[in-house]
>>> print(open('target16.txt').read())   # compact mmCIF, C-alpha atoms
# COMPACT_ATOMS: atom_id res chain seq x y z
CA MET A 1 -49.20 46.85 38.98
CA LYS A 2 -48.87 45.72 35.37
CA LEU A 3 -50.11 42.14 35.14
CA ASN A 4 -48.13 40.11 32.65
CA ARG A 5 -47.99 36.49 31.60
CA ARG A 6 -45.09 35.61 33.94
CA ILE A 7 -46.74 37.13 37.01
CA PHE A 8 -50.09 35.53 36.25
CA LEU A 9 -48.72 32.05 35.79
CA GLY A 10 -46.15 32.17 38.55
CA THR A 11 -44.25 29.40 36.82
CA GLY A 12 -43.56 28.66 33.19
CA ALA A 13 -46.42 27.09 31.27
CA ALA A 14 -46.08 23.68 29.70
CA ALA A 15 -45.30 23.68 26.00
CA ALA A 16 -48.22 23.04 23.65
CA ALA A 17 -48.42 19.69 21.95
CA SER A 18 -50.75 18.10 19.44
CA LEU A 19 -53.81 16.43 20.90
CA SER A 20 -53.43 12.69 21.07
CA ALA A 21 -56.35 10.31 20.68
CA PRO A 22 -58.31 10.14 23.93
CA THR A 23 -58.18 6.98 26.00
CA VAL A 24 -60.59 5.69 28.60
CA PHE A 25 -59.64 5.26 32.21
CA ALA A 26 -57.70 2.09 32.69
CA ALA A 27 -59.79 -0.47 34.52
CA GLY A 28 -58.28 -1.55 37.79
CA SER A 29 -55.56 1.11 37.67
CA GLY A 30 -56.12 1.75 41.35
CA LYS A 31 -55.87 5.50 40.84
CA PRO A 32 -58.64 7.85 41.94
CA ARG A 33 -60.56 9.32 39.03
CA VAL A 34 -61.68 12.89 38.39
CA VAL A 35 -64.03 13.73 35.55
CA VAL A 36 -64.32 17.38 34.50
CA VAL A 37 -67.23 18.47 32.31
CA GLY A 38 -66.64 21.70 30.38
CA GLY A 39 -63.35 22.95 28.97
CA GLY A 40 -63.52 26.68 29.64
CA ALA A 41 -61.84 28.91 32.20
CA GLY A 42 -63.03 26.78 35.11
CA GLY A 43 -62.92 23.25 33.76
CA ALA A 44 -59.70 23.45 31.77
CA THR A 45 -57.87 25.08 34.68
CA ALA A 46 -59.12 22.52 37.20
CA ALA A 47 -58.20 19.59 34.95
CA ARG A 48 -54.75 20.97 34.25
CA TYR A 49 -53.90 21.72 37.88
CA ILE A 50 -55.12 18.36 39.20
CA ALA A 51 -53.13 16.47 36.58
CA LYS A 52 -50.03 18.65 37.02
CA ASP A 53 -49.95 18.81 40.82
CA SER A 54 -50.90 15.18 41.45
CA LYS A 55 -47.93 14.05 39.32
CA GLY A 56 -49.80 11.08 37.90
CA GLU A 57 -51.49 9.98 41.12
CA ILE A 58 -54.94 10.94 39.78
CA ASP A 59 -56.55 10.02 36.45
CA VAL A 60 -58.11 13.18 34.99
CA MET A 61 -60.63 13.20 32.13
CA LEU A 62 -61.95 16.39 30.55
CA ILE A 63 -65.19 16.06 28.59
CA GLU A 64 -65.66 18.91 26.11
CA PRO A 65 -67.43 18.73 22.73
CA SER A 66 -65.41 21.48 21.01
CA ARG A 67 -61.97 20.73 19.66
CA GLU A 68 -61.06 24.42 19.84
CA TYR A 69 -62.23 26.78 22.57
CA TYR A 70 -63.09 30.38 21.70
CA THR A 71 -63.08 32.70 24.67
CA CYS A 72 -66.15 34.79 25.33
CA PHE A 73 -63.90 37.22 27.16
CA PHE A 74 -62.13 39.50 24.66
CA SER A 75 -64.72 38.61 21.98
CA ASN A 76 -66.06 42.17 22.08
CA LEU A 77 -62.68 43.33 20.77
CA TYR A 78 -63.28 41.12 17.75
CA LEU A 79 -66.60 42.90 17.18
CA GLY A 80 -64.80 46.22 17.40
CA GLY A 81 -62.23 45.21 14.81
CA LEU A 82 -59.32 45.08 17.27
CA LYS A 83 -58.91 41.28 17.29
CA GLU A 84 -59.18 38.48 14.76
CA MET A 85 -61.22 35.37 15.50
CA ASP A 86 -58.06 33.28 15.48
CA ASP A 87 -56.78 35.39 18.38
CA LEU A 88 -59.60 33.98 20.54
CA GLY A 89 -59.18 30.29 19.64
CA HIS A 90 -57.26 27.79 21.78
CA SER A 91 -56.67 24.06 21.40
CA TYR A 92 -56.56 21.35 24.06
CA GLY A 93 -53.18 19.99 22.97
CA GLY A 94 -51.37 21.44 25.96
CA LEU A 95 -53.79 19.78 28.37
CA ALA A 96 -53.36 16.43 26.64
CA ALA A 97 -49.58 16.79 26.76
CA GLY A 98 -49.88 17.56 30.48
CA GLY A 99 -51.61 14.27 31.26
CA VAL A 100 -55.29 15.17 30.90
CA ASN A 101 -57.38 12.66 28.98
CA VAL A 102 -59.31 15.03 26.70
CA VAL A 103 -62.51 13.50 25.31
CA HIS A 104 -64.43 15.50 22.72
CA ASP A 105 -68.00 14.48 23.44
CA TRP A 106 -71.18 15.73 25.08
CA ALA A 107 -71.95 14.80 28.67
CA ILE A 108 -75.67 14.09 28.65
CA GLY A 109 -76.36 12.81 32.14
CA VAL A 110 -74.98 12.15 35.60
CA ASP A 111 -75.84 9.21 37.85
CA ARG A 112 -74.69 10.43 41.25
CA ASP A 113 -75.55 7.13 42.94
CA ALA A 114 -73.46 5.07 40.50
CA LYS A 115 -70.96 7.97 40.15
CA THR A 116 -70.92 7.89 36.37
CA VAL A 117 -71.27 10.43 33.54
CA ALA A 118 -73.18 9.40 30.42
CA LEU A 119 -71.77 10.41 27.01
CA ALA A 120 -73.68 11.24 23.83
CA SER A 121 -71.53 8.78 21.88
CA GLY A 122 -72.72 5.97 24.16
CA GLY A 123 -71.58 4.43 27.40
CA SER A 124 -70.49 6.20 30.52
CA VAL A 125 -67.36 7.02 32.48
CA PRO A 126 -66.89 6.53 36.23
CA TYR A 127 -65.62 9.11 38.67
CA ASP A 128 -64.55 9.47 42.27
CA LYS A 129 -64.90 13.25 42.02
CA LEU A 130 -66.90 15.13 39.39
CA ILE A 131 -66.27 18.78 38.47
CA LEU A 132 -68.96 20.57 36.47
CA SER A 133 -68.01 23.78 34.68
CA PRO A 134 -70.50 24.00 31.80
CA GLY A 135 -70.87 27.77 31.61
CA ILE A 136 -74.31 29.22 30.91
CA ASP A 137 -77.56 28.37 29.22
CA PHE A 138 -80.52 30.70 28.67
CA VAL A 139 -83.82 30.92 30.52
CA ASP A 140 -86.70 29.92 28.26
CA GLY A 141 -89.13 32.76 27.56
CA ALA A 142 -86.87 35.40 29.11
CA VAL A 143 -87.40 37.79 26.18
CA GLU A 144 -90.84 37.75 24.57
CA GLY A 145 -90.59 36.70 20.93
CA TRP A 146 -87.11 35.18 21.23
CA ASP A 147 -85.92 31.63 21.71
CA LEU A 148 -82.96 29.62 20.44
CA SER A 149 -84.67 29.16 17.07
CA ALA A 150 -84.27 32.93 16.59
CA GLN A 151 -80.56 33.06 17.40
CA ASN A 152 -79.53 33.25 13.75
CA ALA A 153 -81.76 36.26 13.09
CA MET A 154 -81.08 37.89 16.46
CA PRO A 155 -77.84 36.42 17.86
CA HIS A 156 -77.00 36.36 21.54
CA ALA A 157 -73.22 36.05 20.89
CA TYR A 158 -72.75 35.29 24.59
CA LYS A 159 -70.98 32.02 23.94
CA GLY A 160 -67.71 32.41 22.05
CA GLY A 161 -67.44 31.14 18.48
CA SER A 162 -69.93 31.06 15.62
CA GLN A 163 -72.45 33.37 17.31
CA THR A 164 -69.75 36.01 17.70
CA GLU A 165 -68.84 35.68 14.02
CA LEU A 166 -72.51 35.96 13.05
CA LEU A 167 -73.04 39.15 15.04
CA LYS A 168 -69.89 40.66 13.49
CA ALA A 169 -71.13 39.82 9.99
CA GLN A 170 -74.47 41.44 10.71
CA LEU A 171 -72.75 44.52 12.11
CA MET A 172 -70.61 44.84 8.99
CA ALA A 173 -73.68 44.46 6.75
CA MET A 174 -75.68 47.23 8.44
CA PRO A 175 -76.96 49.88 6.02
CA GLU A 176 -75.62 53.41 6.29
CA GLY A 177 -77.39 55.17 9.14
CA GLY A 178 -78.90 51.90 10.38
CA THR A 179 -79.79 50.86 13.91
CA PHE A 180 -78.01 48.32 16.11
CA ALA A 181 -80.11 47.21 19.09
CA MET A 182 -79.24 45.25 22.20
CA VAL A 183 -81.50 43.64 24.75
CA ALA A 184 -79.36 43.50 27.90
CA PRO A 185 -79.81 40.70 30.48
CA PRO A 186 -81.09 40.89 34.06
CA ASN A 187 -78.80 40.06 36.98
CA PRO A 188 -77.05 37.72 37.56
CA TYR A 189 -75.33 36.93 34.30
CA ARG A 190 -71.96 36.15 32.74
CA CYS A 191 -69.51 39.08 32.77
CA PRO A 192 -71.42 42.04 34.28
CA PRO A 193 -69.55 44.70 32.23
CA GLY A 194 -69.71 42.58 29.06
CA PRO A 195 -72.82 44.02 27.37
CA TYR A 196 -71.56 47.57 27.87
CA GLU A 197 -68.08 46.85 26.58
CA ARG A 198 -69.89 45.34 23.58
CA VAL A 199 -71.85 48.55 23.09
CA SER A 200 -68.55 50.45 23.23
CA MET A 201 -66.86 48.19 20.70
CA VAL A 202 -69.85 48.25 18.34
CA ALA A 203 -69.80 52.05 18.60
CA HIS A 204 -66.04 51.98 17.91
CA TYR A 205 -66.64 50.01 14.72
CA LEU A 206 -69.59 52.15 13.61
CA LYS A 207 -67.79 55.44 14.27
CA ALA A 208 -65.11 54.37 11.79
CA ASN A 209 -67.32 52.63 9.25
CA ASN A 210 -70.92 53.84 9.62
CA PRO A 211 -70.82 57.08 11.62
CA THR A 212 -74.49 58.01 11.18
CA ALA A 213 -75.67 54.68 12.65
CA LYS A 214 -77.44 54.51 16.01
CA ILE A 215 -77.34 52.10 18.95
CA ILE A 216 -80.34 51.36 21.19
CA VAL A 217 -79.88 49.44 24.45
CA ALA A 218 -82.97 48.12 26.23
CA ASP A 219 -81.92 47.22 29.77
CA PRO A 220 -84.08 45.67 32.53
CA LYS A 221 -81.67 47.07 35.14
CA SER A 222 -81.62 50.57 36.60
CA LYS A 223 -77.80 50.49 36.87
CA PHE A 224 -74.94 48.39 35.58
CA SER A 225 -71.27 47.57 36.18
CA LYS A 226 -68.84 50.46 35.53
CA GLN A 227 -71.82 52.62 34.51
CA ALA A 228 -70.16 55.99 35.16
CA LEU A 229 -67.04 54.91 33.25
CA PHE A 230 -68.93 53.64 30.23
CA GLN A 231 -71.33 56.56 30.05
CA GLU A 232 -68.46 59.02 30.35
CA GLY A 233 -66.78 57.32 27.40
CA TRP A 234 -69.97 57.14 25.37
CA ALA A 235 -70.57 60.87 25.82
CA ASP A 236 -66.97 61.90 25.13
CA ILE A 237 -66.16 59.53 22.26
CA TYR A 238 -69.45 58.42 20.71
CA GLY A 239 -71.59 61.47 21.49
CA GLY A 240 -75.20 61.03 20.37
CA MET A 241 -74.77 57.52 18.95
CA ILE A 242 -75.89 55.45 21.97
CA ASP A 243 -79.35 55.55 23.56
CA TRP A 244 -79.43 53.51 26.80
CA ILE A 245 -82.97 52.86 28.05
CA GLY A 246 -82.94 51.52 31.58
CA GLN A 247 -85.59 50.00 33.82
CA ASP A 248 -87.05 53.38 34.83
CA PHE A 249 -87.88 54.16 31.20
CA GLY A 250 -89.31 50.78 30.18
CA GLY A 251 -86.09 48.95 29.35
CA GLY A 252 -87.38 45.82 31.06
CA ASN A 253 -90.68 45.79 29.16
CA VAL A 254 -89.50 44.50 25.80
CA SER A 255 -90.41 42.10 23.04
CA VAL A 256 -88.81 41.28 19.72
CA ASP A 257 -89.99 40.08 16.32
CA PRO A 258 -87.14 38.31 14.52
CA VAL A 259 -89.09 38.17 11.23
CA ALA A 260 -90.11 41.83 11.14
CA MET A 261 -86.80 42.84 12.81
CA THR A 262 -88.45 45.00 15.43
CA LEU A 263 -87.69 45.70 19.07
CA THR A 264 -90.64 46.92 21.10
CA ILE A 265 -89.79 48.89 24.24
CA ASP A 266 -92.61 49.76 26.62
CA GLY A 267 -95.14 49.47 23.79
CA GLU A 268 -93.16 51.44 21.20
CA ALA A 269 -91.93 49.42 18.21
CA ASN A 270 -88.52 50.21 16.73
CA SER A 271 -87.35 48.91 13.38
CA VAL A 272 -83.77 47.70 13.72
CA ASP A 273 -81.14 46.32 11.38
CA VAL A 274 -79.25 44.22 13.93
CA CYS A 275 -80.63 42.99 17.25
CA ASN A 276 -78.33 41.40 19.82
CA VAL A 277 -80.62 39.64 22.31
CA ILE A 278 -78.85 38.61 25.52
CA PRO A 279 -81.46 36.70 27.54
CA ALA A 280 -81.57 35.87 31.24
CA MET A 281 -79.12 33.11 32.08
CA LYS A 282 -78.93 29.93 34.12
CA ALA A 283 -76.45 27.18 34.87
CA GLY A 284 -75.37 24.95 32.01
CA HIS A 285 -77.87 22.14 31.43
CA ILE A 286 -75.66 19.31 32.69
CA ALA A 287 -75.76 20.85 36.18
CA GLU A 288 -79.54 20.63 36.10
CA LEU A 289 -79.39 17.05 34.79
CA ALA A 290 -77.02 16.20 37.64
CA GLY A 291 -79.59 17.44 40.13
CA VAL A 292 -77.31 20.00 41.78
CA THR A 293 -79.18 23.19 40.86
CA GLU A 294 -81.59 25.18 42.99
CA GLY A 295 -83.53 27.57 40.81
CA ASN A 296 -81.30 28.78 37.99
CA TRP A 297 -77.93 28.14 39.63
CA ALA A 298 -75.98 25.50 41.55
CA PRO A 299 -75.31 26.30 45.25
CA VAL A 300 -71.79 25.44 46.39
CA ASN A 301 -69.67 25.47 49.53
CA ALA A 302 -67.22 28.36 49.40
CA ALA A 303 -64.26 26.48 50.90
CA ASP A 304 -63.87 24.03 48.00
CA MET A 305 -66.66 24.73 45.44
CA SER A 306 -68.35 21.42 46.29
CA SER A 307 -72.07 21.14 45.66
CA LYS A 308 -74.33 21.65 48.66
CA VAL A 309 -76.23 18.62 47.38
CA ASP A 310 -73.35 16.16 46.87
CA ALA A 311 -69.87 16.38 48.39
CA ASP A 312 -68.34 14.48 45.44
CA VAL A 313 -69.62 16.96 42.85
CA TYR A 314 -68.08 20.43 42.39
CA VAL A 315 -69.46 23.33 40.35
CA LEU A 316 -67.25 26.14 39.02
CA GLY A 317 -67.61 29.45 37.28
CA ASP A 318 -70.74 30.81 35.69
CA SER A 319 -72.98 27.93 36.81
CA ALA A 320 -72.21 28.27 40.52
CA ASN A 321 -74.23 30.19 43.06
CA GLN A 322 -71.28 30.93 45.32
CA GLY A 323 -71.82 34.38 46.79
CA ASP A 324 -70.22 37.70 45.95
CA MET A 325 -67.95 36.87 42.99
CA PRO A 326 -69.15 37.99 39.55
CA LYS A 327 -69.51 35.40 36.83
CA SER A 328 -66.32 35.89 34.81
CA GLY A 329 -63.43 34.00 33.28
CA PHE A 330 -61.07 35.32 35.96
CA SER A 331 -63.49 34.17 38.70
CA ALA A 332 -63.82 30.71 37.18
CA ASN A 333 -60.04 30.34 36.91
CA SER A 334 -59.61 31.45 40.53
CA GLN A 335 -62.30 29.07 41.77
CA ALA A 336 -60.80 26.22 39.75
CA LYS A 337 -57.46 26.49 41.54
CA VAL A 338 -59.15 26.35 44.94
CA CYS A 339 -61.23 23.37 43.80
CA ALA A 340 -58.25 21.55 42.27
CA ASN A 341 -56.28 21.88 45.50
CA ALA A 342 -59.23 20.59 47.54
CA VAL A 343 -59.94 17.67 45.19
CA ARG A 344 -56.29 16.61 45.12
CA GLY A 345 -56.17 16.78 48.91
CA ALA A 346 -59.32 14.70 49.29
CA LEU A 347 -58.05 12.00 46.93
CA THR A 348 -54.35 11.84 47.82
CA GLY A 349 -54.08 13.32 51.30
CA SER A 350 -51.94 16.23 50.09
CA ARG A 351 -52.03 19.58 51.85
CA VAL A 352 -55.09 21.76 51.29
CA PHE A 353 -54.56 25.51 51.58
CA PRO A 354 -57.22 27.94 52.82
CA ALA A 355 -59.41 29.18 50.00
CA LYS A 356 -58.66 32.63 48.63
CA PHE A 357 -60.18 34.12 45.51
CA SER A 358 -59.68 37.15 43.29
CA ASN A 359 -61.23 38.69 40.20
CA THR A 360 -60.57 41.55 37.82
CA CYS A 361 -62.73 42.50 34.83
CA TRP A 362 -61.18 44.76 32.20
CA SER A 363 -63.25 46.55 29.56
CA LEU A 364 -62.22 48.49 26.48
CA ILE A 365 -64.13 51.68 25.67
CA ASP A 366 -62.01 52.82 22.73
CA THR A 367 -58.54 52.12 21.32
CA ASN A 368 -56.08 52.06 24.26
CA ASN A 369 -58.87 53.22 26.58
CA GLY A 370 -59.25 50.46 29.16
CA VAL A 371 -61.00 50.43 32.53
CA LYS A 372 -61.19 47.77 35.23
CA VAL A 373 -63.01 46.63 38.34
CA GLY A 374 -61.95 43.90 40.75
CA ALA A 375 -61.87 42.51 44.25
CA THR A 376 -60.43 39.88 46.56
CA TYR A 377 -62.61 37.34 48.37
CA GLU A 378 -62.51 34.78 51.15
CA ALA A 379 -64.51 31.69 51.99
CA THR A 380 -67.02 31.92 54.84
CA ASP A 381 -69.49 29.33 56.05
CA GLU A 382 -72.22 31.05 54.05
CA LYS A 383 -70.54 32.10 50.81
CA ILE A 384 -67.55 33.49 48.96
CA ALA A 385 -67.44 36.93 50.57
CA LYS A 386 -65.88 40.11 49.22
CA VAL A 387 -62.95 41.44 51.28
CA ASP A 388 -62.02 44.58 49.35
CA GLY A 389 -62.23 45.97 45.85
CA PHE A 390 -61.17 48.63 43.36
CA ILE A 391 -62.46 50.35 40.24
CA SER A 392 -61.07 52.74 37.67
CA ALA A 393 -61.98 56.40 38.15
CA THR A 394 -63.70 58.73 35.74
CA GLY A 395 -61.46 61.39 34.26
CA GLU A 396 -58.30 59.27 34.19
CA THR A 397 -55.43 60.24 31.92
CA ALA A 398 -55.00 58.69 28.49
CA GLU A 399 -51.69 57.25 29.67
CA LEU A 400 -53.32 55.42 32.58
CA ARG A 401 -56.13 54.12 30.38
CA LYS A 402 -53.56 52.78 27.91
CA THR A 403 -51.68 51.08 30.75
CA THR A 404 -54.92 49.46 31.91
CA TYR A 405 -55.57 48.16 28.41
CA GLU A 406 -52.03 46.76 28.14
CA GLU A 407 -52.54 45.08 31.52
CA SER A 408 -55.62 43.35 30.14
CA GLU A 409 -53.61 42.01 27.20
CA GLY A 410 -51.06 40.57 29.62
CA TRP A 411 -53.84 38.99 31.63
CA TYR A 412 -55.37 37.39 28.53
CA ALA A 413 -52.05 35.82 27.54
CA GLY A 414 -51.56 34.64 31.11
CA ILE A 415 -54.98 33.15 31.76
CA THR A 416 -55.20 31.28 28.47
CA ALA A 417 -51.75 29.77 29.09
CA ASP A 418 -52.85 28.91 32.60
CA MET A 419 -56.01 27.25 31.29
CA PHE A 420 -54.53 25.28 28.43
CA GLY A 421 -50.87 24.81 29.34
CA ALA A 422 -49.71 26.49 26.17
>>> encode(input="target16.txt", output="structure tokens")
Amino acid sequence: MKLNRRIFLGTGAAAAASLSAPTVFAAGSGKPRVVVVGGGAGGATAARYIAKDSKGEIDVMLIEPSREYYTCFFSNLYLGGLKEMDDLGHSYGGLAAGGVNVVHDWAIGVDRDAKTVALASGGSVPYDKLILSPGIDFVDGAVEGWDLSAQNAMPHAYKGGSQTELLKAQLMAMPEGGTFAMVAPPNPYRCPPGPYERVSMVAHYLKANNPTAKIIVADPKSKFSKQALFQEGWADIYGGMIDWIGQDFGGGNVSVDPVAMTLTIDGEANSVDVCNVIPAMKAGHIAELAGVTEGNWAPVNAADMSSKVDADVYVLGDSANQGDMPKSGFSANSQAKVCANAVRGALTGSRVFPAKFSNTCWSLIDTNNGVKVGATYEATDEKIAKVDGFISATGETAELRKTTYEESEGWYAGITADMFGA
């Protein structure tokens, strides 16, 4: 089925409007209060749906430091030269017009006893329900020789925006016949096919602009999402350009030197011109500060995405340890709708529907050459559990691959409208 904007939304999206100055919750308003931290696929969707469906019965505040959100999903197409950066940017005006109090600030702490969120600008805001959707942060020391101080020399580009632009600039500045290197992350991480779509899009750019260049991928995993599909495309389209070094060949034994611009794999140093280091990931820091993480992630109840530590705190998207769903924008959006319905029901007594989830991840291998993987899920007492799934097949026709790519474009238009009400 071709997924388009109308099907994805189900109903028409609210028209975009300019962002008005944020206001604080009115003291003594008598309305229940929901604070959402993080304005990405999970947080923006949850804020919008609670405000829209409660019809003014709930005060909703979204705390997000960025005034414009750049999607990490589809950012690889920017690296490949198929999108402009402006195509990935989205404002919060539609959310504000839809009744969400958008506050551009950093949340720097949570007092779960007092039920308040501290802001970097000073003061705090109260909540009855708190939704955390802060995305990812990186595990310290995950790649020897790399930390956040090295992200300008060796960008991660796994948060949309300036890092993506930096990696693109470095790619464009590569010398003829140069080497692009990637250090891939261990499981679990944001967007399982993402690093390999990135390799494909970098290869797409280099084939057109620097055809004698090489790509090295050092991977701590022995297999990866859509592996057969990607490797088929790499062999057929970018033959000889990409060298993937998995766990069995030392791909997990790596170190980098951002000053010397070297990547050492299993004791062998390689001089590189660009090095995209994607470290191991963990829940966004505010989840840790809130005390709802266990290890690197935040355990949640599958039925409503509530924290297993605190029933009044919910964790969505990449930060959540929820079970079988991959960490993706589609997953976060799906989880946000379940959470929004549950939160509205808890605060207003409205009907709460049984939790159902879905996810699809599209990847582009070459122009009009798209592949996908996806599944449906249900809530069990233990986790979000996979019900059934699908994946593109190797050897598909060019026509089918083009249709899959066009489907992904429809999904992107749909999900961003669903997130931001634009």
>>> atom_distance(input="target16.txt", atom1="CA of Ala114 in chain A", atom2="CA of Val34 in chain A")
14.3 Å
>>> closest_residue(input="target16.txt", among="A:Met201, A:Ala336, A:Val102, A:Ala118", to="Asn368 in chain A", atoms="only C-alpha atoms")
A:Met201
>>> closest_atom_pairs(input="target16.txt", of="range 262-290 of chain A", to="range 145-167 of chain A", cutoff="9 Å", atoms="only C-alpha atoms", output="CSV")
residue,atom,partner,partner_atom,distance
A:Val274,CA,A:Met154,CA,7.1
A:Cys275,CA,A:Met154,CA,5.2
A:Asn276,CA,A:Pro155,CA,5.4
A:Val277,CA,A:His156,CA,4.9
A:Ile278,CA,A:His156,CA,4.9
A:Pro279,CA,A:His156,CA,7.5
>>> residues_around(input="target16.txt", residues="Ser271 in chain A", least_positions_apart="2", cutoff="10 Å", atoms="only C-alpha atoms", output="PyMOL selection string")
chain A and resi 178-181+257+260-264+269+273-275
>>> residues_around(input="target16.txt", residues="Pro65 in chain A", least_positions_apart="6", cutoff="6 Å", atoms="all atoms listed in the file", output="list in words")
His104, Asp105 and Trp106 of chain A
>>> closest_residue(input="target16.txt", among="A:Val100, A:Leu229, A:Val309, A:Ala41", to="Thr394 in chain A", atoms="all atoms listed in the file")
A:Leu229
>>> atom_distance(input="target16.txt", atom1="CA of Gly194 in chain A", atom2="CA of Asp366 in chain A")
14.3 Å
>>> closest_residue(input="target16.txt", among="A:Asn296, A:Ser75, A:Thr404, A:Thr348", to="Thr367 in chain A", atoms="all atoms listed in the file")
A:Thr404
>>> atom_distance(input="target16.txt", atom1="CA of Gly370 in chain A", atom2="CA of Arg401 in chain A")
5.0 Å
>>> residues_around(input="target16.txt", residues="Trp234 in chain A", least_positions_apart="2", cutoff="12 Å", atoms="all atoms listed in the file", output="PyMOL selection string")
chain A and resi 196-204+207+215+227-232+236-244+364-366+369
>>> residues_around(input="target16.txt", residues="Val292 in chain A", least_positions_apart="3", cutoff="8 Å", atoms="all atoms listed in the file", output="list in words")
Ala287, Glu288, Leu289, Ala298, Pro299, Ser307, Lys308, Val309 and Asp310 of chain A
>>> closest_residue(input="target16.txt", among="A:Gly291, A:Pro211, A:Gly246, A:Gly94", to="Gly109 in chain A", atoms="all atoms listed in the file")
A:Gly291
>>> residues_near_point(input="target16.txt", point="(-61.9, 28.1, 20.7)", cutoff="10 Å", atoms="only C-alpha atoms", output="list in words")
Gly39, Gly40, Ser66, Arg67, Glu68, Tyr69, Tyr70, Thr71, Cys72, Met85, Asp86, Asp87, Leu88, Gly89, His90, Ser91, Tyr92, Gly160, Gly161 and Ser162 of chain A
